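One file, structure.csv, carrying CSV, C-alpha atoms:
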```csv
chain,number,residue,atom,x,y,z
A,286,MET,CA,279.1,199.7,140.9
A,287,ALA,CA,279.2,196.0,140.9
A,288,LEU,CA,281.9,194.2,142.8
A,289,LEU,CA,283.7,191.1,141.6
A,290,ASN,CA,284.6,188.3,144.0
A,291,SER,CA,286.8,186.1,141.9
A,292,ALA,CA,287.4,183.5,144.6
A,293,LYS,CA,283.7,182.7,144.7
A,294,ARG,CA,283.1,183.6,141.0
A,295,GLU,CA,280.4,186.0,142.2
A,296,ILE,CA,279.4,189.5,141.1
A,297,ASN,CA,277.9,191.5,143.9
A,298,ALA,CA,275.4,194.2,143.0
A,299,LYS,CA,273.7,196.8,145.2
A,300,ILE,CA,270.0,197.7,145.0
A,301,VAL,CA,268.8,200.5,147.3
A,302,PHE,CA,265.2,201.1,148.3
A,303,PHE,CA,264.9,204.9,148.7
A,304,GLY,CA,261.9,207.1,149.8
A,305,ALA,CA,260.5,209.5,152.3
A,306,PRO,CA,260.2,208.8,156.0
A,307,LEU,CA,257.3,206.5,156.8
A,308,SER,CA,256.8,205.6,153.2
A,309,GLY,CA,257.2,201.9,154.1
A,310,LYS,CA,260.7,201.1,152.8
A,311,ALA,CA,261.8,198.8,155.7
A,312,THR,CA,258.4,197.1,155.7
A,313,LEU,CA,258.7,196.3,152.0
A,314,LEU,CA,262.2,195.0,152.5
A,315,ARG,CA,261.0,192.7,155.3
A,316,HIS,CA,258.2,191.5,153.1
A,317,ILE,CA,260.6,190.6,150.3
A,318,HIS,CA,262.9,188.8,152.7
A,319,GLY,CA,260.0,186.8,154.0
A,320,LYS,CA,258.8,185.8,150.6
A,321,LEU,CA,262.1,184.6,149.2
A,322,LYS,CA,263.3,181.0,149.7
A,323,GLN,CA,265.6,180.7,152.6
A,324,GLU,CA,268.3,178.8,150.6
A,325,HIS,CA,268.4,181.8,148.1
A,326,ARG,CA,268.9,184.7,150.6
A,327,GLY,CA,270.9,185.6,153.6
A,328,PRO,CA,269.6,186.9,157.0
A,329,LEU,CA,268.0,190.3,157.3
A,330,LYS,CA,270.6,192.5,159.2
A,331,THR,CA,270.2,195.8,160.9
A,332,VAL,CA,272.7,198.5,161.9
A,333,GLY,CA,272.1,201.8,163.7
A,334,GLY,CA,269.6,203.4,166.0
A,335,HIS,CA,265.9,204.0,166.1
A,336,ARG,CA,265.8,207.0,163.8
A,337,ASP,CA,268.1,205.9,161.0
A,338,ARG,CA,268.4,202.1,161.1
A,339,LEU,CA,270.0,200.4,158.1
A,340,PHE,CA,268.3,197.3,156.8
A,341,PHE,CA,270.1,194.9,154.4
A,342,PHE,CA,270.3,191.4,153.1
A,343,ASP,CA,271.6,189.5,150.1
A,344,VAL,CA,269.9,187.3,147.6
A,345,MET,CA,271.1,185.1,144.7
A,346,PRO,CA,268.2,184.2,142.4
A,347,PRO,CA,269.2,180.9,140.8
A,348,GLU,CA,267.2,181.5,137.6
A,349,LEU,CA,269.2,184.5,136.4
A,350,GLY,CA,272.2,182.6,135.2
A,351,GLU,CA,275.7,183.9,135.0
A,352,VAL,CA,277.6,186.9,133.8
A,353,ASN,CA,281.0,186.0,132.3
A,354,GLY,CA,281.0,182.8,134.3
A,355,SER,CA,280.0,184.4,137.6
A,356,ARG,CA,276.8,184.3,139.5
A,357,VAL,CA,275.2,187.5,140.6
A,358,ARG,CA,274.5,188.2,144.2
A,359,PHE,CA,272.2,191.1,145.0
A,360,HIS,CA,272.5,193.2,148.2
A,361,LEU,CA,269.3,195.0,149.1
A,362,TYR,CA,269.5,198.1,151.3
A,363,THR,CA,267.3,200.7,152.9
A,364,VAL,CA,267.3,203.1,155.8
A,365,GLN,CA,264.3,203.2,158.1
A,366,GLY,CA,262.8,206.2,159.8
A,367,GLU,CA,263.6,209.9,159.6
A,368,VAL,CA,267.2,210.2,158.6
A,369,ALA,CA,268.7,213.3,160.3
A,370,ASP,CA,271.7,213.6,158.1
A,371,LEU,CA,271.5,213.2,154.3
A,372,ALA,CA,275.1,212.0,154.3
A,373,THR,CA,273.7,208.7,155.6
A,374,TRP,CA,271.8,208.2,152.4
A,375,LYS,CA,274.7,209.4,150.3
A,376,MET,CA,276.9,206.6,151.7
A,377,VAL,CA,274.1,204.0,151.2
A,378,LEU,CA,273.5,205.1,147.6
A,379,LYS,CA,277.1,205.3,146.7
A,380,GLY,CA,277.9,202.6,144.1
A,381,ALA,CA,274.3,201.5,143.7
A,382,ASP,CA,273.5,199.4,140.6
A,383,GLY,CA,269.8,200.0,140.8
A,384,VAL,CA,267.2,202.0,142.8
A,385,VAL,CA,263.6,201.2,143.8
A,386,PHE,CA,261.9,204.5,144.7
A,387,VAL,CA,259.2,204.1,147.2
A,388,ALA,CA,256.5,206.8,146.8
A,389,ASP,CA,253.8,207.4,149.4
A,390,ALA,CA,250.4,207.1,147.7
A,391,SER,CA,248.4,208.2,150.8
A,392,PRO,CA,246.7,211.6,150.4
A,393,GLY,CA,249.1,213.3,152.7
A,394,GLY,CA,252.2,211.7,151.4
A,395,PHE,CA,252.9,213.7,148.2
A,396,ALA,CA,255.0,216.5,149.7
A,397,GLY,CA,257.4,214.2,151.4
A,398,THR,CA,257.6,212.0,148.3
A,399,ARG,CA,258.5,214.9,146.1
A,400,ARG,CA,261.2,216.1,148.5
A,401,SER,CA,262.7,212.6,148.7
A,402,LEU,CA,262.8,212.3,144.9
A,403,GLU,CA,264.6,215.7,144.7
A,404,ASP,CA,267.1,214.5,147.3
A,405,LEU,CA,267.6,211.3,145.3
A,406,ARG,CA,268.4,213.2,142.1
A,407,GLU,CA,270.6,215.6,144.0
A,408,ILE,CA,272.6,212.8,145.6
A,409,PHE,CA,273.3,211.2,142.2
A,410,ARG,CA,274.2,214.5,140.7
A,411,GLY,CA,276.8,214.9,143.4
A,412,TYR,CA,278.3,211.6,142.2
A,413,GLY,CA,278.3,212.9,138.6
A,414,GLN,CA,275.5,210.5,137.7
A,415,ASP,CA,272.1,211.0,136.1
A,416,LEU,CA,269.4,208.9,137.9
A,417,SER,CA,267.8,208.3,134.5
A,418,THR,CA,270.8,206.2,133.4
A,419,LEU,CA,270.4,203.7,136.3
A,420,PRO,CA,268.0,200.8,136.6
A,421,PHE,CA,265.1,202.5,138.3
A,422,GLU,CA,261.7,201.4,139.5
A,423,MET,CA,259.0,203.4,141.2
A,424,VAL,CA,256.5,201.7,143.5
A,425,CYS,CA,253.5,203.6,145.0
A,426,ASN,CA,253.1,202.1,148.5
A,427,LYS,CA,249.8,202.3,150.4
A,428,SER,CA,247.9,202.0,147.1
A,429,ASP,CA,245.5,199.7,149.1
A,430,LEU,CA,244.1,202.7,151.0
A,431,PRO,CA,240.6,203.7,149.8
A,432,ASP,CA,241.6,207.3,149.1
A,433,ALA,CA,245.1,206.6,147.8
A,434,VAL,CA,246.4,208.6,144.8
A,435,SER,CA,246.6,206.4,141.7
A,436,ALA,CA,250.1,205.3,140.6
A,437,ASP,CA,249.7,207.0,137.2
A,438,ASP,CA,248.6,210.3,138.7
A,439,LEU,CA,251.5,210.2,141.2
A,440,ARG,CA,254.0,209.5,138.4
A,441,CYS,CA,252.7,212.4,136.4
A,442,GLU,CA,252.7,214.8,139.3
A,443,LEU,CA,256.3,213.8,140.1
A,444,GLY,CA,257.4,214.0,136.5
A,445,VAL,CA,258.9,210.5,136.6
A,446,ASP,CA,259.6,209.0,133.2
A,447,ALA,CA,259.2,205.4,134.3
A,448,VAL,CA,256.5,202.8,135.0
A,449,ALA,CA,254.9,203.3,138.4
A,450,LEU,CA,253.6,200.2,140.1
A,451,PRO,CA,250.8,200.2,142.7
A,452,CYS,CA,252.2,198.6,145.8
A,453,SER,CA,251.1,197.6,149.3
A,454,ALA,CA,253.2,196.5,152.2
A,455,VAL,CA,250.1,195.0,153.7
A,456,THR,CA,248.9,192.8,150.9
A,457,GLY,CA,252.3,192.4,149.1
A,458,GLU,CA,250.9,193.8,145.8
A,459,GLY,CA,253.6,194.9,143.4
A,460,ILE,CA,256.6,194.4,145.6
A,461,LEU,CA,258.2,191.3,144.0
A,462,SER,CA,257.3,192.5,140.5
A,463,ALA,CA,259.2,195.7,141.1
A,464,LEU,CA,262.2,193.8,142.5
A,465,SER,CA,262.1,191.4,139.5
A,466,ARG,CA,262.1,194.3,137.1
A,467,VAL,CA,265.0,196.2,138.6
A,468,VAL,CA,267.0,192.9,139.0
A,469,SER,CA,266.5,192.1,135.4
A,470,SER,CA,267.6,195.6,134.4
A,471,VAL,CA,270.8,195.3,136.5
A,472,ILE,CA,271.6,191.9,134.9
A,473,ARG,CA,271.2,193.4,131.4
A,474,ASN,CA,273.5,196.2,132.3
A,475,LEU,CA,276.2,193.8,133.7
A,476,ARG,CA,276.0,191.7,130.6
A,477,ALA,CA,276.2,194.7,128.3
A,478,ARG,CA,279.2,196.0,130.2
A,479,GLN,CA,280.9,192.6,130.1
A,480,ALA,CA,280.3,192.4,126.3
A,481,SER,CA,281.7,195.8,125.7
A,482,ASP,CA,284.8,194.9,127.7
A,483,GLY,CA,285.4,191.6,126.0
A,484,GLU,CA,286.3,188.6,128.0
A,485,GLY,CA,287.7,190.5,131.0
A,486,VAL,CA,285.9,192.1,133.9
A,487,GLU,CA,287.4,195.6,133.6
A,488,GLY,CA,283.9,197.0,133.7
A,489,PHE,CA,283.4,195.9,137.3
A,490,THR,CA,285.0,197.4,140.4
A,491,ALA,CA,288.2,196.0,141.9
A,492,ASP,CA,288.2,192.6,143.4
A,493,VAL,CA,288.5,192.8,147.2
A,494,GLY,CA,287.4,189.3,147.9
A,495,GLU,CA,284.3,190.2,150.0
A,496,PRO,CA,280.8,191.3,149.1
A,497,PRO,CA,279.7,194.8,150.1
A,498,GLY,CA,277.1,193.6,152.6
A,499,ASP,CA,279.9,192.0,154.8
A,500,GLY,CA,281.6,195.3,155.2
A,501,VAL,CA,278.7,197.6,156.3
A,502,ALA,CA,279.4,197.6,160.0
A,503,ARG,CA,283.2,197.6,160.0
A,504,GLN,CA,285.9,200.0,159.0
A,505,SER,CA,287.5,199.5,155.6
A,506,GLU,CA,291.2,198.5,155.6
A,507,ARG,CA,291.8,200.5,152.4
A,508,GLY,CA,294.0,203.5,152.6
A,509,ASP,CA,291.2,206.0,151.8
A,510,THR,CA,289.0,205.2,154.8
A,511,ALA,CA,286.7,208.2,154.7
A,512,SER,CA,283.4,207.0,156.1
A,513,SER,CA,280.0,208.2,157.3
A,514,ALA,CA,277.8,206.7,160.0
A,515,VAL,CA,274.3,205.2,160.4
A,516,GLY,CA,273.1,205.4,163.9
A,517,GLY,CA,276.7,205.8,165.2
A,518,GLN,CA,277.9,202.8,163.3
A,519,PRO,CA,280.6,203.1,160.6
A,520,VAL,CA,279.7,202.5,157.0
A,521,SER,CA,282.6,201.4,154.7
A,522,PRO,CA,282.9,203.3,151.5
A,523,GLU,CA,282.6,201.5,148.2
A,524,VAL,CA,285.8,200.4,146.3
A,525,PRO,CA,286.4,202.9,143.4
A,526,VAL,CA,286.4,201.8,139.8
A,527,ILE,CA,289.7,200.5,138.6
A,528,GLY,CA,289.8,201.7,135.0
A,529,GLY,CA,291.4,204.1,132.5
A,530,GLY,CA,294.5,202.1,131.7
A,531,GLU,CA,296.3,199.0,132.8
A,532,PRO,CA,296.2,198.6,136.7
A,533,GLU,CA,299.6,198.8,138.4
A,534,LEU,CA,300.3,196.9,141.6
A,535,HIS,CA,302.8,198.2,144.1
A,536,LEU,CA,304.0,197.0,147.5
A,537,VAL,CA,303.7,199.7,150.2
A,538,GLY,CA,306.2,199.7,153.0
A,539,THR,CA,307.8,196.5,154.4
A,540,PRO,CA,305.9,193.3,154.9
A,541,THR,CA,305.6,192.2,158.6
A,542,VAL,CA,305.9,188.6,159.7
A,543,SER,CA,304.6,187.4,163.1
A,544,ASP,CA,302.7,184.4,164.6
A,545,GLY,CA,303.2,182.3,161.5
A,546,GLY,CA,301.7,184.9,159.1
A,547,CYS,CA,302.9,187.6,156.7
A,548,ARG,CA,301.0,190.9,156.4
A,549,MET,CA,301.6,193.5,153.6
A,550,THR,CA,299.9,196.5,152.1
A,551,LEU,CA,299.3,196.6,148.3
A,552,ALA,CA,298.5,199.7,146.3
A,553,VAL,CA,296.5,199.4,143.0
A,554,ARG,CA,296.9,202.4,140.7
A,555,ALA,CA,294.9,203.0,137.5
A,556,GLY,CA,293.3,206.0,135.8
A,557,GLY,CA,295.0,208.5,138.2
A,558,ARG,CA,293.4,206.8,141.2
A,559,GLU,CA,294.9,204.6,143.9
A,560,SER,CA,293.3,202.1,146.3
A,561,ARG,CA,295.1,200.2,149.0
A,562,TYR,CA,294.5,196.7,150.4
A,563,THR,CA,295.9,194.6,153.2
A,564,LEU,CA,297.0,191.1,152.2
A,565,THR,CA,297.5,188.5,155.0
A,566,ILE,CA,299.2,185.2,154.2
A,567,ALA,CA,299.4,182.2,156.6
A,568,LEU,CA,302.8,180.6,156.8
A,569,ALA,CA,303.4,176.9,157.5
A,570,PRO,CA,306.5,174.7,157.4
A,571,GLU,CA,306.9,172.5,154.4
A,572,PRO,CA,306.5,168.7,155.2
A,573,ALA,CA,309.7,166.8,155.3
A,574,ALA,CA,310.4,164.8,152.2
A,575,GLY,CA,309.8,161.0,152.4
```

Render the structure in this file as structure tokens.
Amino acid sequence: MALLNSAKREINAKIVFFGAPLSGKATLLRHIHGKLKQEHRGPLKTVGGHRDRLFFFDVMPPELGEVNGSRVRFHLYTVQGEVADLATWKMVLKGADGVVFVADASPGGFAGTRRSLEDLREIFRGYGQDLSTLPFEMVCNKSDLPDAVSADDLRCELGVDAVALPCSAVTGEGILSALSRVVSSVIRNLRARQASDGEGVEGFTADVGEPPGDGVARQSERGDTASSAVGGQPVSPEVPVIGGGEPELHLVGTPTVSDGGCRMTLAVRAGGRESRYTLTIALAPEPAAG
């Protein structure tokens, strides 16, 4: 679910590239990163080990305009290699605003592709979501191979009710087209949600002042700090939706003052749920009058 950073007037949205091991997810993400203008995207970052390495970077396409006066920054994620624990993917997919499913079009890739699609659907069912309700694009990587399965045949065999784009991590075919399609779908969803909520931003998640990509490799300071791991590195959970009534703000405990700063814990309650945040305020003496 999109995250609002009111200080920067940015909405941060997450797009996950999901697929079977060796389907080419990380290679596709590297290709996208290399094709985008440097001034429009952040550095490609990695977290984790050799078998389950997390790749991610952010991009803010200037031509997409604004949603309720805020620019949209997209955070692209994938996990490389054979992921030993499905919980890794569950944490990466949590709160996703869009998914690019990477199918393996090589002759021997169908079984793994089918299993990964079943895993993807199961993960979203676990979150109480239907994959069909999310912006979803399917790319058939390795379509440049002479004996590759056609994108239409692969889509039909998998029972996917979506356009399947031929794709090649070698030639770059179809990669940016798929990204453009899913980005446009996410933007439409954000604008529709904003329109249904009026002038406010109640449809987005709580404002924590930082985009999700900056918190991947550190523990969250929220009270509910349940986390998984990618290659032994912590992955912060997404901030839950603040909805279902007017949010209530409460001070937890007693603020502490030290070294010229004040630190306090705030609890936001809404819709029967509570999230906690740590607020730090720098203190400085007021200049003498005159």

Need the shell around A:Leu416: protein/DNA/RNA residues with any atom at most 12 Å away, counting all atoms listed in the file. Skip same-chain ones fewer than 5 positions apart. Format as a list in words?
Leu378, Ala381, Asp382, Gly383, Val384, Val385, Phe386, Leu402, Glu403, Asp404, Leu405, Arg406, Glu407, Ile408, Phe409, Arg410, Gly411, Phe421, Glu422, Val445, Asp446 and Ala447 of chain A

Could you take the residues named above and write them with C-alpha atoms, as a PDB file, keeping the file's coordinate frame?
```pdb
ATOM      1  CA  LEU A 378     273.500 205.100 147.600  1.00  0.00           C
ATOM      2  CA  ALA A 381     274.300 201.500 143.700  1.00  0.00           C
ATOM      3  CA  ASP A 382     273.500 199.400 140.600  1.00  0.00           C
ATOM      4  CA  GLY A 383     269.800 200.000 140.800  1.00  0.00           C
ATOM      5  CA  VAL A 384     267.200 202.000 142.800  1.00  0.00           C
ATOM      6  CA  VAL A 385     263.600 201.200 143.800  1.00  0.00           C
ATOM      7  CA  PHE A 386     261.900 204.500 144.700  1.00  0.00           C
ATOM      8  CA  LEU A 402     262.800 212.300 144.900  1.00  0.00           C
ATOM      9  CA  GLU A 403     264.600 215.700 144.700  1.00  0.00           C
ATOM     10  CA  ASP A 404     267.100 214.500 147.300  1.00  0.00           C
ATOM     11  CA  LEU A 405     267.600 211.300 145.300  1.00  0.00           C
ATOM     12  CA  ARG A 406     268.400 213.200 142.100  1.00  0.00           C
ATOM     13  CA  GLU A 407     270.600 215.600 144.000  1.00  0.00           C
ATOM     14  CA  ILE A 408     272.600 212.800 145.600  1.00  0.00           C
ATOM     15  CA  PHE A 409     273.300 211.200 142.200  1.00  0.00           C
ATOM     16  CA  ARG A 410     274.200 214.500 140.700  1.00  0.00           C
ATOM     17  CA  GLY A 411     276.800 214.900 143.400  1.00  0.00           C
ATOM     18  CA  PHE A 421     265.100 202.500 138.300  1.00  0.00           C
ATOM     19  CA  GLU A 422     261.700 201.400 139.500  1.00  0.00           C
ATOM     20  CA  VAL A 445     258.900 210.500 136.600  1.00  0.00           C
ATOM     21  CA  ASP A 446     259.600 209.000 133.200  1.00  0.00           C
ATOM     22  CA  ALA A 447     259.200 205.400 134.300  1.00  0.00           C
TER      23      ALA A 447
END
```

Could you list, as a PyMOL selection string, every residue within 9 Å of A:Glu442, counting all atoms listed in the file and ignoring same-chain residues fewer than 5 positions away?
chain A and resi 395+399+437

Selected residue of minimal separation from A:Ser401 among A:Ile472, A:Asp438, A:Leu289, A:Pro306, counting all atoms listed in the file:
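Smallest distance to A:Ser401 is found for A:Pro306.
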
Each residue of stretch 369-481 of chain A with at least one atom at most 10 Å from stretch 315-339 of chain A should appear once, together with its nearest atom pair and the corresponding distance in Å (one decimal); atoms considered: all atoms listed in the file; ordering: chain, then increasing residue number; output as a tab-separated table.
```
residue	atom	partner	partner_atom	distance
A:Ala369	CA	A:Asp337	CA	7.5
A:Asp370	CA	A:Asp337	CA	9.0
A:Thr373	CA	A:Asp337	CA	8.3
A:Trp374	CA	A:Asp337	CA	9.6
A:Val377	CA	A:Leu339	CA	8.8
A:Ala454	CA	A:His316	CA	7.1
A:Val455	CA	A:His316	CA	8.8
A:Thr456	CA	A:His316	CA	9.6
A:Gly457	CA	A:His316	CA	7.2
A:Ile460	CA	A:Ile317	CA	7.2
A:Leu461	CA	A:Ile317	CA	6.8
A:Leu464	CA	A:Ile317	CA	8.6
```

How about saving the chosen residues, C-alpha atoms kept, as a PDB file, in the coordinates of the input?
```pdb
ATOM      1  CA  ALA A 369     268.700 213.300 160.300  1.00  0.00           C
ATOM      2  CA  ASP A 370     271.700 213.600 158.100  1.00  0.00           C
ATOM      3  CA  THR A 373     273.700 208.700 155.600  1.00  0.00           C
ATOM      4  CA  TRP A 374     271.800 208.200 152.400  1.00  0.00           C
ATOM      5  CA  VAL A 377     274.100 204.000 151.200  1.00  0.00           C
ATOM      6  CA  ALA A 454     253.200 196.500 152.200  1.00  0.00           C
ATOM      7  CA  VAL A 455     250.100 195.000 153.700  1.00  0.00           C
ATOM      8  CA  THR A 456     248.900 192.800 150.900  1.00  0.00           C
ATOM      9  CA  GLY A 457     252.300 192.400 149.100  1.00  0.00           C
ATOM     10  CA  ILE A 460     256.600 194.400 145.600  1.00  0.00           C
ATOM     11  CA  LEU A 461     258.200 191.300 144.000  1.00  0.00           C
ATOM     12  CA  LEU A 464     262.200 193.800 142.500  1.00  0.00           C
TER      13      LEU A 464
END
```

Which distance in Å separates atom CA of A:Leu307 and atom CA of A:Ala433, to one decimal?
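Atom CA of A:Ala433 lies 15.2 Å from atom CA of A:Leu307.
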
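Distances from A:Arg294, A:Lys299, A:Lys310, A:Arg400 to A:Leu443 were compared using all atoms listed in the file, and the smallest one belongs to A:Arg400.
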
In Å, rounded to a single decimal, give me how far atom CA of A:Leu349 is from atom CA of A:Asn290.
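Pair atom CA of A:Asn290 / atom CA of A:Leu349 returns 17.6 Å.
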
Which residue out of A:Ser308, A:Thr418, A:Ser355, A:Gln365 has the minimum interatomic distance to A:Ala390 when all atoms listed in the file are used?
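Going through A:Ser308, A:Thr418, A:Ser355, A:Gln365 one by one, the smallest distance to A:Ala390 is for A:Ser308.
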